[in-house]
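Just run_37.cif here, mmCIF, C-alpha atoms:
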data_query
#
loop_
_atom_site.group_PDB
_atom_site.id
_atom_site.type_symbol
_atom_site.label_atom_id
_atom_site.label_comp_id
_atom_site.auth_asym_id
_atom_site.auth_seq_id
_atom_site.Cartn_x
_atom_site.Cartn_y
_atom_site.Cartn_z
ATOM 1 C CA MET A 1 41.394 95.867 8.852
ATOM 2 C CA ARG A 2 44.906 95.585 10.304
ATOM 3 C CA ILE A 3 45.866 92.979 7.704
ATOM 4 C CA GLN A 4 44.616 95.216 4.889
ATOM 5 C CA THR A 5 46.616 98.156 6.239
ATOM 6 C CA THR A 6 49.752 96.012 6.441
ATOM 7 C CA ARG A 7 49.270 94.863 2.860
ATOM 8 C CA VAL A 8 48.800 98.438 1.659
ATOM 9 C CA VAL A 9 52.033 99.504 3.394
ATOM 10 C CA GLU A 10 53.861 96.516 1.903
ATOM 11 C CA LEU A 11 52.471 97.277 -1.556
ATOM 12 C CA ILE A 12 53.628 100.893 -1.314
ATOM 13 C CA ALA A 13 57.110 99.684 -0.331
ATOM 14 C CA VAL A 14 57.136 97.262 -3.255
ATOM 15 C CA MET A 15 56.047 99.946 -5.672
ATOM 16 C CA ALA A 16 58.824 102.257 -4.496
ATOM 17 C CA MET A 17 61.395 99.495 -4.929
ATOM 18 C CA ALA A 18 59.980 98.633 -8.354
ATOM 19 C CA ILE A 19 60.182 102.231 -9.491
ATOM 20 C CA TYR A 20 63.820 102.342 -8.390
ATOM 21 C CA GLY A 21 64.514 99.100 -10.264
ATOM 22 C CA LEU A 22 62.820 100.316 -13.430
ATOM 23 C CA GLN A 23 64.618 103.629 -13.295
ATOM 24 C CA ALA A 24 67.908 101.790 -12.886
ATOM 25 C CA GLN A 25 67.175 99.840 -16.052
ATOM 26 C CA GLU A 26 66.063 102.862 -18.077
ATOM 27 C CA HIS A 27 68.595 105.462 -16.970
ATOM 28 C CA ASP A 28 72.325 105.889 -16.854
ATOM 29 C CA MET A 29 73.537 103.952 -13.797
ATOM 30 C CA SER A 30 75.952 106.727 -12.803
ATOM 31 C CA LYS A 31 72.962 109.012 -12.289
ATOM 32 C CA MET A 32 71.146 106.334 -10.304
ATOM 33 C CA MET A 33 74.116 105.944 -7.975
ATOM 34 C CA GLN A 34 73.804 109.563 -6.846
ATOM 35 C CA LEU A 35 71.909 109.122 -3.617
ATOM 36 C CA PRO A 36 70.667 111.734 -1.216
ATOM 37 C CA GLU A 37 73.078 112.233 1.673
ATOM 38 C CA SER A 38 70.523 110.548 3.946
ATOM 39 C CA GLN A 39 70.892 107.227 2.119
ATOM 40 C CA ALA A 40 73.630 104.685 1.528
ATOM 41 C CA MET A 41 74.011 101.926 -1.022
ATOM 42 C CA VAL A 42 76.657 99.239 -1.420
ATOM 43 C CA ALA A 43 77.268 96.568 -4.023
ATOM 44 C CA SER A 44 77.182 93.029 -2.653
ATOM 45 C CA ALA A 45 79.928 90.527 -3.363
ATOM 46 C CA TYR A 46 77.324 87.750 -3.284
ATOM 47 C CA ASP A 47 74.318 86.604 -5.245
ATOM 48 C CA PHE A 48 70.845 87.712 -4.201
ATOM 49 C CA ASN A 49 69.905 84.806 -1.908
ATOM 50 C CA ASP A 50 73.292 84.716 -0.196
ATOM 51 C CA THR A 51 73.141 88.471 0.324
ATOM 52 C CA VAL A 52 69.748 88.224 2.047
ATOM 53 C CA GLU A 53 70.953 85.331 4.229
ATOM 54 C CA LEU A 54 74.201 87.069 5.168
ATOM 55 C CA LEU A 55 72.442 90.330 5.991
ATOM 56 C CA THR A 56 69.907 88.499 8.153
ATOM 57 C CA ALA A 57 72.740 86.778 10.024
ATOM 58 C CA ALA A 58 74.608 90.074 10.419
ATOM 59 C CA ILE A 59 71.482 91.757 11.821
ATOM 60 C CA GLU A 60 71.114 88.968 14.376
ATOM 61 C CA GLU A 61 74.842 89.132 15.216
ATOM 62 C CA GLN A 62 74.282 92.772 16.173
ATOM 63 C CA ASN A 63 71.651 91.564 18.667
ATOM 64 C CA LEU A 64 68.860 93.051 16.589
ATOM 65 C CA MET A 65 65.663 91.330 15.520
ATOM 66 C CA VAL A 66 64.489 90.795 11.940
ATOM 67 C CA LEU A 67 60.846 91.788 12.307
ATOM 68 C CA LYS A 68 59.698 91.230 8.737
ATOM 69 C CA GLU A 69 61.017 90.173 5.360
ATOM 70 C CA ILE A 70 58.999 91.618 2.514
ATOM 71 C CA ASP A 71 59.310 89.724 -0.763
ATOM 72 C CA ALA A 72 58.744 92.512 -3.269
ATOM 73 C CA GLN A 73 59.567 90.265 -6.220
ATOM 74 C CA LYS A 74 56.732 87.899 -5.254
ATOM 75 C CA MET A 75 54.320 90.777 -4.771
ATOM 76 C CA LEU A 76 55.162 92.248 -8.175
ATOM 77 C CA LYS A 77 54.486 88.883 -9.803
ATOM 78 C CA MET A 78 50.931 89.301 -8.509
ATOM 79 C CA VAL A 79 50.558 92.252 -10.896
ATOM 80 C CA ASN A 80 52.324 90.508 -13.790
ATOM 81 C CA MET A 81 55.618 92.336 -13.364
ATOM 82 C CA LYS A 82 58.827 90.379 -13.628
ATOM 83 C CA VAL A 83 61.866 91.749 -11.798
ATOM 84 C CA GLY A 84 65.032 90.330 -10.311
ATOM 85 C CA GLY A 85 65.276 89.485 -6.647
ATOM 86 C CA MET A 86 63.898 92.242 -4.449
ATOM 87 C CA LYS A 87 63.400 92.087 -0.681
ATOM 88 C CA GLN A 88 63.208 94.429 2.246
ATOM 89 C CA LEU A 89 64.444 93.466 5.697
ATOM 90 C CA LEU A 90 62.793 95.344 8.563
ATOM 91 C CA PHE A 91 64.692 95.118 11.839
ATOM 92 C CA PHE A 92 65.098 96.712 15.249
ATOM 93 C CA HIS A 93 65.242 95.904 18.959
ATOM 94 C CA PRO A 94 63.043 96.943 21.888
ATOM 95 C CA ARG A 95 66.042 98.358 23.786
ATOM 96 C CA TYR A 96 66.463 101.033 21.117
ATOM 97 C CA MET A 97 62.746 101.769 21.092
ATOM 98 C CA LYS A 98 62.974 102.272 24.863
ATOM 99 C CA MET A 99 65.912 104.649 24.410
ATOM 100 C CA ILE A 100 63.997 106.605 21.770
ATOM 101 C CA MET A 101 60.848 106.697 23.896
ATOM 102 C CA GLU A 102 62.771 108.031 26.879
ATOM 103 C CA ALA A 103 64.744 110.628 24.887
ATOM 104 C CA ASN A 104 61.984 111.899 22.584
ATOM 105 C CA PRO A 105 58.746 109.943 22.031
ATOM 106 C CA MET A 106 58.116 111.840 18.776
ATOM 107 C CA GLY A 107 60.856 109.739 17.159
ATOM 108 C CA THR A 108 59.076 106.442 17.773
ATOM 109 C CA ILE A 109 57.452 106.754 14.342
ATOM 110 C CA GLU A 110 60.781 106.062 12.605
ATOM 111 C CA PRO A 111 61.598 102.435 13.584
ATOM 112 C CA PRO A 112 61.929 99.761 12.398
ATOM 113 C CA LEU A 113 65.027 100.240 10.283
ATOM 114 C CA LYS A 114 64.939 98.862 6.761
ATOM 115 C CA ILE A 115 67.433 97.465 4.282
ATOM 116 C CA ALA A 116 66.435 96.927 0.658
ATOM 117 C CA VAL A 117 68.173 94.211 -1.355
ATOM 118 C CA MET A 118 67.757 94.546 -5.119
ATOM 119 C CA GLU A 119 69.061 92.421 -7.964
ATOM 120 C CA ARG A 120 69.757 94.371 -11.125
ATOM 121 C CA PRO A 121 69.153 92.947 -14.596
ATOM 122 C CA ASP A 122 72.899 92.283 -14.928
ATOM 123 C CA GLY A 123 72.827 90.145 -11.751
ATOM 124 C CA GLN A 124 74.598 92.718 -9.549
ATOM 125 C CA VAL A 125 73.022 92.875 -6.097
ATOM 126 C CA MET A 126 72.687 96.234 -4.391
ATOM 127 C CA VAL A 127 71.967 96.895 -0.726
ATOM 128 C CA LYS A 128 70.365 100.224 0.117
ATOM 129 C CA TYR A 129 69.160 101.880 3.319
ATOM 130 C CA ILE A 130 68.247 105.195 4.861
ATOM 131 C CA LYS A 131 70.799 106.167 7.488
ATOM 132 C CA PRO A 132 69.364 105.928 11.013
ATOM 133 C CA SER A 133 70.955 109.302 11.829
ATOM 134 C CA ALA A 134 68.864 110.847 9.038
ATOM 135 C CA LEU A 135 65.704 109.253 10.393
ATOM 136 C CA LEU A 136 66.321 110.040 14.060
ATOM 137 C CA GLY A 137 68.403 113.212 13.688
ATOM 138 C CA LYS A 138 65.221 115.166 12.949
ATOM 139 C CA TYR A 139 64.242 114.778 16.604
ATOM 140 C CA SER A 140 65.929 116.616 19.452
ATOM 141 C CA GLY A 141 67.742 114.228 21.764
ATOM 142 C CA LEU A 142 67.945 111.337 19.280
ATOM 143 C CA GLU A 143 71.073 112.373 17.393
ATOM 144 C CA GLU A 144 73.433 110.102 19.353
ATOM 145 C CA ILE A 145 71.136 107.083 19.047
ATOM 146 C CA GLY A 146 71.023 107.700 15.297
ATOM 147 C CA LYS A 147 74.817 107.831 15.079
ATOM 148 C CA GLU A 148 75.131 104.624 17.108
ATOM 149 C CA LEU A 149 72.682 102.874 14.803
ATOM 150 C CA ASP A 150 74.538 104.242 11.738
ATOM 151 C CA GLU A 151 77.646 102.393 12.887
ATOM 152 C CA ILE A 152 75.680 99.188 13.455
ATOM 153 C CA VAL A 153 73.945 99.313 10.065
ATOM 154 C CA THR A 154 77.286 100.032 8.375
ATOM 155 C CA GLN A 155 78.724 96.914 10.025
ATOM 156 C CA ILE A 156 75.710 94.918 8.831
ATOM 157 C CA THR A 157 76.038 96.081 5.218
ATOM 158 C CA ASP A 158 79.836 95.708 5.287
ATOM 159 C CA SER A 159 79.240 91.971 5.783
ATOM 160 C CA VAL A 160 78.271 91.719 2.098
ATOM 161 C CA ARG A 161 80.184 94.655 0.607
ATOM 162 C CA LYS A 162 82.026 93.975 -2.649
#

Would you mind writing the file's structure down as structure tokens?
Amino acid sequence: MRIQTTRVVELIAVMAMAIYGLQAQEHDMSKMMQLPESQAMVASAYDFNDTVELLTAAIEEQNLMVLKEIDAQKMLKMVNMKVGGMKQLLFFHPRYMKMIMEANPMGTIEPPLKIAVMERPDGQVMVKYIKPSALLGKYSGLEEIGKELDEIVTQITDSVRK
């Protein structure tokens, strides 16, 4: 049952990424670049595989743990959909979970953090994430942890920024 639940969650994540990718292909890119304030996206200076490797290394350099790498491209092939490279990196560290638990246990639903890496049809690689301050700022007492994690995630994504 746990495996099925994990697969359903992964499939939902893949579908969301696929919808974004399809919209990017079908719509004016300037409109697609208008993100909600809670999100950030940067163009990578590297190809898809190098971007994923560099982000993974940058996560580990920040003393965080990559908990899961979801290969959305592979999952979409299972339903006969061909897209460019598409992965999600889920990451966190128990020390932050402890801080969240101590400050406001209601916020423990938000981790792990996630970075999506998407290759557009033109080969450009985009890196997108929801700001930790947006995730944690909804909970009293977690605002500072969110801001701290914002800085860390910015450093991680800056490692591939174009």

Within-7 Å shell of (62.4, 92.4, -1.7) in input frame, all atoms listed in the file, as an NGL selection string: :A and (70-73 or 85-88 or 116-118)

Might you spell out which residues the PyMOL selection byres ((chain A and resi 38-55) around 6) would select in the displayed file, as a PyMOL selection string? chain A and resi 36-37+56-58+125-131+134+160-162

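A straight line drawn from CA of Ile115 in chain A to CA of Leu89 in chain A is 5.2 Å long.
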
Radius query 12 Å about (64.7, 106.6, 22.9), atoms used: all atoms listed in the file, as a PyMOL selection string: chain A and resi 93-111+136-137+139-146+149

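The two atoms in question, CA of Leu113 in chain A and CA of Val153 in chain A, are spaced 9.0 Å apart.
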
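Remark: for Ile156 in chain A, the closest of the candidate residues A:Leu76, A:Gln34, A:Phe91, A:Met81 is A:Phe91 (distances computed over only C-alpha atoms).
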
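CA of Asp158 in chain A is found 12.9 Å from CA of Glu61 in chain A.
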
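Take the candidates A:Lys138, A:Lys77, A:Lys114, A:Arg120 and check each one against Leu90 in chain A using all atoms listed in the file; the shortest distance goes to A:Lys114.
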
Kindly list the centre and edge lengths in Å, rounded to one decimal, for the axis-aligned box that covers all listed atoms of range 60-78 of chain A plus 8 Å on each of its six sides, as lines of an AutoDock Vina configuration file.
center_x = 62.9
center_y = 90.5
center_z = 4.4
size_x = 39.9
size_y = 21.2
size_z = 44.5

Mind writing range 95-141 of chain A to a file for me, with C-alpha atoms, as an mmCIF file, in the first residue's frame?
data_model
loop_
_atom_site.group_PDB
_atom_site.id
_atom_site.type_symbol
_atom_site.label_atom_id
_atom_site.label_comp_id
_atom_site.auth_asym_id
_atom_site.auth_seq_id
_atom_site.Cartn_x
_atom_site.Cartn_y
_atom_site.Cartn_z
ATOM 1 C CA ARG A 95 18.154 19.247 11.693
ATOM 2 C CA TYR A 96 15.658 21.496 9.914
ATOM 3 C CA MET A 97 12.815 19.085 10.589
ATOM 4 C CA LYS A 98 13.769 19.227 14.276
ATOM 5 C CA MET A 99 13.741 23.032 14.179
ATOM 6 C CA ILE A 100 10.321 23.021 12.513
ATOM 7 C CA MET A 101 8.964 20.446 14.956
ATOM 8 C CA GLU A 102 10.128 22.493 17.928
ATOM 9 C CA ALA A 103 8.862 25.832 16.565
ATOM 10 C CA ASN A 104 5.516 24.707 15.122
ATOM 11 C CA PRO A 105 4.742 21.027 14.432
ATOM 12 C CA MET A 106 1.972 22.030 12.002
ATOM 13 C CA GLY A 107 4.680 22.982 9.493
ATOM 14 C CA THR A 108 6.140 19.482 9.318
ATOM 15 C CA ILE A 109 3.838 18.739 6.376
ATOM 16 C CA GLU A 110 5.861 21.041 4.097
ATOM 17 C CA PRO A 111 9.283 19.309 3.835
ATOM 18 C CA PRO A 112 11.043 17.999 1.873
ATOM 19 C CA LEU A 113 11.961 20.891 -0.383
ATOM 20 C CA LYS A 114 11.800 20.286 -4.114
ATOM 21 C CA ILE A 115 13.580 21.569 -7.197
ATOM 22 C CA ALA A 116 12.219 20.796 -10.655
ATOM 23 C CA VAL A 117 14.625 20.624 -13.594
ATOM 24 C CA MET A 118 12.953 20.861 -16.999
ATOM 25 C CA GLU A 119 14.404 20.801 -20.492
ATOM 26 C CA ARG A 120 12.447 22.854 -22.990
ATOM 27 C CA PRO A 121 12.016 21.816 -26.619
ATOM 28 C CA ASP A 122 14.715 24.328 -27.614
ATOM 29 C CA GLY A 123 17.199 22.638 -25.239
ATOM 30 C CA GLN A 124 17.132 25.417 -22.616
ATOM 31 C CA VAL A 125 17.117 23.977 -19.101
ATOM 32 C CA MET A 126 15.023 25.665 -16.442
ATOM 33 C CA VAL A 127 15.243 25.183 -12.686
ATOM 34 C CA LYS A 128 12.116 25.952 -10.689
ATOM 35 C CA TYR A 129 11.174 25.762 -7.011
ATOM 36 C CA ILE A 130 8.703 26.990 -4.446
ATOM 37 C CA LYS A 131 10.406 29.331 -2.000
ATOM 38 C CA PRO A 132 10.787 27.745 1.447
ATOM 39 C CA SER A 133 9.599 31.015 3.021
ATOM 40 C CA ALA A 134 6.320 30.625 1.112
ATOM 41 C CA LEU A 135 5.929 27.054 2.325
ATOM 42 C CA LEU A 136 6.888 27.686 5.948
ATOM 43 C CA GLY A 137 5.781 31.320 6.276
ATOM 44 C CA LYS A 138 2.171 30.151 6.569
ATOM 45 C CA TYR A 139 2.982 28.812 10.036
ATOM 46 C CA SER A 140 3.593 31.006 13.061
ATOM 47 C CA GLY A 141 7.157 30.697 14.301
#
